[in-house]
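Just below is one structure, and these are the notes that go with it.
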Amino acid sequence: MERILQSAVLATLLCGAAIAQTAPASQAFDAADVHVSTPSSNAFMRVGFSRGRYEVHTATMLDLITIAYAVDGESVYGGPNWLETDRFEIAAKAPADSSEADRVAMLRALLADRFKLVVHKDEKPLDVFALTAGKKVQLKESTGSGDADCNPVGSGPQPYIALECRNFSMADFAKQFRQMAGGYVTHQMVDFTGLKGTYDFTLKWTARGRLRAAAANPEGEANPGISFFEAVDKQLGLKITPEKRSVPVIVVDSVNRTPTANAAGVGKSLPDVPTEFEVATVKPARPGNQTRRIQPKPGGRIEVENIPLKSLIALSWSFEQDEDRIVGAPKWIETSSYDIVAKTADFKMTEPPPFDTVRLMIGALLKERFKLAVHTEDQPVQVWELVVGKRGSKLKEADPASRSTCTRSAGDGGAANVPMINYSCTNTTMVQLAAAMHNIAPAYVDHVAVDATGLKGAYDFTLSWTPKGIVTGQAGRGGGDRANAADPNQPGVASDPSGGITFFDAVEKQLGLHLEGGRKRPQQVLVIDHIEQLVDEN
C-alpha cells in the first residue's frame, strides 16, 4: 500500500444562504488554467502541489466539490446529471508557502468564478458508519507534528494488512480508513468520538475477501484473520457501527458545465513542472524480492522497488490499466524488474513531488538509461464488444434529470453466502458502462470493452457478480476467459453451483446484454520504437 500523500482537510462549512461569494485576493489563485480532460481509460482524480503549482487531474465536479468543501461524495446533493461524469483539469499558481487549507479556499473561489458554482449547507439523515469511543480507548497521543500518515509494517506478502500511522485526528481516521478499508466501510465514516487530539497507532486486519474465504473453509485456513471492525475495537478501543445519522451536506443549487475561458498566455504564468531527476540510480531488482512499490518521499526523493520495466513504461505514458496495448516491445521488458532511487531539486523536505510529475521524470529516465523511444498511434487491438443478448435487453430507462452515477460496493449472495461485487448505476449510457468494464472487473474483462448494443438511451441498473478467484474453475487472471477461446461468443465459465456468478453471466442474466470476445477495434497503442537493456546502471 502506498504512502498516504494527502491529509484530510477540515474546513468549516458556511451556514445560511447560498455560498458563491467573491474571495479576497489572498484566497484566490494567482493564475489558473482550467479545461476539460482528454477521455482516458485511466480516469481517476489526482491532486498535487509542489513549488507553487497546484494541480488537479481528471476530476469530476463532484470530486472538486468534495475537496473544496471537505465532505464525502455521498454528502453532495442535487446538481445536474453530468456532475459525476464530465472531468476537468486544473493547473494553478499559489504561494509556495500556502497551507492546504489556503489552497482549499482558493479552489472554492475558483469553482465559484470559473464554473459559477452556487451551493448551500443543509443537514440530512444518511447511512453512515459511526466512529465512537469504546470503554477503553487504546490510542497514544502524538508527540510530533505533520500530516496524517501511514506506512506498511513488514514487507512481502502478509496475512494481514498492517499499518503504522502517525498524527491522526479522529476526523482523519474516519476519512482515510473509509478509503483503505473500503471492502468493509461501504458508506462514509463520521467521527462521533469527541476525541480532539492527534494520535499514533498500529492497526492490522484481514482483507475482506481473504476473511470470507477463511470463513467458507475454516479447516483449510490456519489463520482465520480478523475483520477491520474487530481490529479497530480490540486494538484501538474504538467502535464502528452502521447507523442512520443526521450529518452536514452540501446542496448544489447551480453550476455551469463549461468553465469560463482561460486568460491569454496563462500557461506562461504557472510554475514550471520538473521533467528530469537531478540524480538517479537504476539497478536490477534483488532476486526473490516480493515487494513492489513506487513511493514519492518528502524532499523530492523517489523510491521504486522491484517494478517490471513494462510497468514503468506503462506508468510513464498512462497505460497502467492497459499494458496489453504496449506493442513492439521485446519479451524481456516483462520479466526484467528494477529498483530506482532518484532525487529532484527544489522540493521542500516535507513535500513529496506530485505523482504526475513522477510519471514525467521516470519517463525521461527510461529514455536516457534504456535508450527508449516510443510513439502513440491507433491500431486494431483485441476488445470485448458489448451487445444486446438474444432475448433482448432487461434495462430500465432512467429519469433524464437524475444524476449520472455508478457506485461499487461489496456484498454477499447465493446459497453459500459467497462474496459479491455490486455495481449500481443511474442514468448511465451503454458507452459509459462498456468503458467502465475493464476497470471494474479486470480479472474477467482483460481488454477494453466497447459498446456495440445500438442502445442510445440512459438506464438504471444493478450488476452483481462473484470475484473471479472465488468462482469454481476461475484460477488466476484470464483463466476462465481464455478457456473458451475456441468460442469467443461464450466467454467465461458457468455460474458456480454454490451460488457464485461470473461477470459474464451477470451481464447476460441481469441486464440482457452479452460480451463477445475475439473482436478487434482501432484503439490508441504505445509503440516501442527502440529499447536497449541496461548496461551502465548509473
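We name chains A, B, ... following the order of the C-alpha cells; residues begin at 1 in each chain, and ligands are numbered from 1 as shown.
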Using only C-alpha atoms, tabulate the residues of stretch 293-387 of chain A lying at most 12 Å from any atom of stretch 53-77 of chain A, each with its closest atom pair and that distance in Å to one decimal, by chain and increasing residue number, as a Markdown table.
```
| residue | atom | partner | partner_atom | distance |
| --- | --- | --- | --- | --- |
| A:Phe347 | CA | A:Arg53 | CA | 11.6 |
| A:Pro353 | CA | A:Arg53 | CA | 10.7 |
| A:Pro354 | CA | A:Glu55 | CA | 8.4 |
| A:Phe355 | CA | A:Glu55 | CA | 10.4 |
| A:Asp356 | CA | A:His57 | CA | 8.7 |
| A:Thr357 | CA | A:Glu55 | CA | 10.2 |
```
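Taking only C-alpha atoms, the non-local environment of A:Gly328 within 12 Å (same-chain residues fewer than 5 positions away omitted) comprises Lys310, Ile333, Ala373, Val374, His375, Thr376, Gln379, Val525, Leu526, Val527, Ile528, Asp529, His530 and Ile531 of chain A.
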Margin query: Which residues are near A:Ser142? Cut-off 10 Å, only C-alpha atoms, ignore same chain within fewer than 3 positions. Put them as JSON, numbers by chain.
Written below: {"A": [139, 145, 166, 167, 168, 169, 197, 198, 199, 200, 201]}
Would you save the residues from that selection as a CSV table (one decimal), in the first residue's frame, using N, CA and C atoms?
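Once everything was written out, this is again23.csv:
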```csv
chain,number,residue,atom,x,y,z
A,139,LEU,N,-5.3,4.5,22.4
A,139,LEU,CA,-4.6,5.4,21.4
A,139,LEU,C,-3.5,6.1,22.2
A,145,SER,N,4.5,16.4,14.8
A,145,SER,CA,3.5,17.2,14.0
A,145,SER,C,3.6,16.8,12.6
A,166,ARG,N,0.6,7.8,12.0
A,166,ARG,CA,1.1,8.9,12.9
A,166,ARG,C,0.3,10.1,12.6
A,167,ASN,N,0.1,10.9,13.7
A,167,ASN,CA,-0.6,12.2,13.7
A,167,ASN,C,-2.0,12.2,13.1
A,168,PHE,N,-2.8,11.2,13.5
A,168,PHE,CA,-4.1,11.1,13.1
A,168,PHE,C,-5.1,11.7,14.1
A,169,SER,N,-5.9,12.6,13.6
A,169,SER,CA,-7.1,13.0,14.3
A,169,SER,C,-8.2,12.0,14.0
A,197,GLY,N,-7.6,15.3,20.0
A,197,GLY,CA,-6.1,15.3,19.8
A,197,GLY,C,-5.8,14.6,18.5
A,198,THR,N,-4.4,14.4,18.3
A,198,THR,CA,-3.9,13.6,17.2
A,198,THR,C,-3.2,12.4,17.8
A,199,TYR,N,-3.2,11.3,17.1
A,199,TYR,CA,-2.7,10.0,17.8
A,199,TYR,C,-1.8,9.2,16.9
A,200,ASP,N,-1.0,8.4,17.5
A,200,ASP,CA,-0.2,7.4,16.8
A,200,ASP,C,-0.7,6.0,17.1
A,201,PHE,N,-0.7,5.1,16.2
A,201,PHE,CA,-1.2,3.7,16.4
A,201,PHE,C,-0.7,2.8,15.3
```
Check: DSSP says strand (DSSP E) for which residues of stretch 279-380 of chain A? Put them as a ChimeraX atom specification?
Finding: /A:279-284,293-297,301-308,326-327,337-343,373-380
Checklist line | stretch 9-124 of chain A: residues DSSP assigns to alpha helix (DSSP H), reported as a list in words | finding: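 Those residues are Met61, Leu62, Asp63, Leu64, Ile65, Thr66, Ile67, Ala68, Tyr69, Glu100, Ala101, Asp102, Arg103, Val104, Ala105, Met106, Leu107, Arg108, Ala109, Leu110, Leu111, Ala112, Asp113 and Arg114 of chain A.
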Next item on the list: Find the residues around A:Tyr423 up to 9 Å (only C-alpha atoms counted), leave out those fewer than 2 positions away in its own chain, and share them as a ChimeraX atom specification.
Entry: /A:406-410,421,425,440,461-465
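Residues surrounding A:Asn81 within 6 Å are A:Ser402, A:Arg403, A:Ser404 [only C-alpha atoms; sequence separation below 5 positions excluded].
The interatomic distance for the pair atom CA of A:Val388 and atom CA of A:Ala435 works out to 15.9 Å.
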Item checked: Nearest-residue call for A:Val387, choices A:Pro419, A:Leu513, A:Asp324, A:Lys283, using only C-alpha atoms -> A:Leu513
Check: Using only C-alpha atoms, which residue out of A:Gln533, A:Thr206, A:Ser318, A:Thr428 lies closest to A:Ala458?
Finding: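 When distances to A:Ala458 are compared using only C-alpha atoms, the smallest one comes from A:Thr428.
Comparing the minimum interatomic distances between A:Arg519 and each of A:Ala449, A:Leu83, A:Val36, A:Ala94, counting only C-alpha atoms, we find that A:Ala449 sits nearest.
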Next item on the list: Could you give me, as a list in words, the residues within 10 Å of A:Leu236, counting only C-alpha atoms and dropping anything in the same chain fewer than 6 positions from it?
Entry: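 Residues meeting the cut-off are Ala133, Gly134, Lys136, Val137, Gln138, Leu139, Lys140, Phe201, Thr202, Leu203 and Glu230 of chain A.
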Can those selected residues be exported to a file as a short mmCIF file (atom, residue, chain, number, x, y, z; two decimals), in the first residue's frame so that it contains C-alpha atoms?
```cif
data_model
loop_
_atom_site.label_atom_id
_atom_site.label_comp_id
_atom_site.auth_asym_id
_atom_site.auth_seq_id
_atom_site.Cartn_x
_atom_site.Cartn_y
_atom_site.Cartn_z
CA ALA A 133 -15.10 5.77 21.55
CA GLY A 134 -15.27 2.44 23.37
CA LYS A 136 -11.17 1.91 27.00
CA VAL A 137 -9.55 3.88 24.18
CA GLN A 138 -6.10 2.45 23.32
CA LEU A 139 -4.55 5.37 21.43
CA LYS A 140 -1.21 7.06 22.06
CA PHE A 201 -1.20 3.73 16.43
CA THR A 202 -0.61 0.46 14.63
CA LEU A 203 -3.56 -1.37 13.13
CA GLU A 230 -12.93 -6.19 15.17
#
```
Check: Which residues, written as an MDAnalysis selection string, have at least one atom at most 9 Å from A:Val185, with only C-alpha atoms counted and residues fewer than 5 positions away on the same chain left out?
Finding: chainID A and resid 128:129 177:180 228:229 242
Atoms kept (N, CA and C atoms) for selection, written as a PDB file, in the first residue's frame:
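The file below, part.pdb, is the result:
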```pdb
ATOM      1  N   VAL A 128     -24.463   5.961   7.444  1.00  0.00           N
ATOM      2  CA  VAL A 128     -23.050   6.205   7.699  1.00  0.00           C
ATOM      3  C   VAL A 128     -22.507   5.103   8.591  1.00  0.00           C
ATOM      4  N   PHE A 129     -21.196   5.045   8.694  1.00  0.00           N
ATOM      5  CA  PHE A 129     -20.535   4.237   9.714  1.00  0.00           C
ATOM      6  C   PHE A 129     -20.089   5.204  10.806  1.00  0.00           C
ATOM      7  N   PHE A 177      -9.524   5.922   6.479  1.00  0.00           N
ATOM      8  CA  PHE A 177      -9.810   4.485   6.533  1.00  0.00           C
ATOM      9  C   PHE A 177     -11.090   4.120   5.801  1.00  0.00           C
ATOM     10  N   ARG A 178     -11.913   5.083   5.450  1.00  0.00           N
ATOM     11  CA  ARG A 178     -13.006   4.801   4.514  1.00  0.00           C
ATOM     12  C   ARG A 178     -12.419   4.319   3.196  1.00  0.00           C
ATOM     13  N   GLN A 179     -11.297   4.908   2.810  1.00  0.00           N
ATOM     14  CA  GLN A 179     -10.655   4.527   1.551  1.00  0.00           C
ATOM     15  C   GLN A 179      -9.844   3.242   1.702  1.00  0.00           C
ATOM     16  N   MET A 180      -9.097   3.120   2.807  1.00  0.00           N
ATOM     17  CA  MET A 180      -8.179   1.987   2.953  1.00  0.00           C
ATOM     18  C   MET A 180      -8.886   0.702   3.332  1.00  0.00           C
ATOM     19  N   PHE A 228     -11.881  -5.772   9.868  1.00  0.00           N
ATOM     20  CA  PHE A 228     -11.473  -4.400  10.146  1.00  0.00           C
ATOM     21  C   PHE A 228     -12.196  -3.865  11.382  1.00  0.00           C
ATOM     22  N   PHE A 229     -13.485  -4.164  11.507  1.00  0.00           N
ATOM     23  CA  PHE A 229     -14.258  -3.653  12.645  1.00  0.00           C
ATOM     24  C   PHE A 229     -13.758  -4.246  13.962  1.00  0.00           C
ATOM     25  N   PRO A 242     -22.754   0.648  11.688  1.00  0.00           N
ATOM     26  CA  PRO A 242     -23.596   1.252  10.646  1.00  0.00           C
ATOM     27  C   PRO A 242     -24.849   1.858  11.270  1.00  0.00           C
TER      28      PRO A 242
END
```
Next item on the list: Report the distance between atom CA of A:Ser269 and atom CA of A:Ala31 in Å, rounded to one decimal place.
Entry: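 Value for the atom CA of A:Ser269-atom CA of A:Ala31 distance: 6.6 Å.
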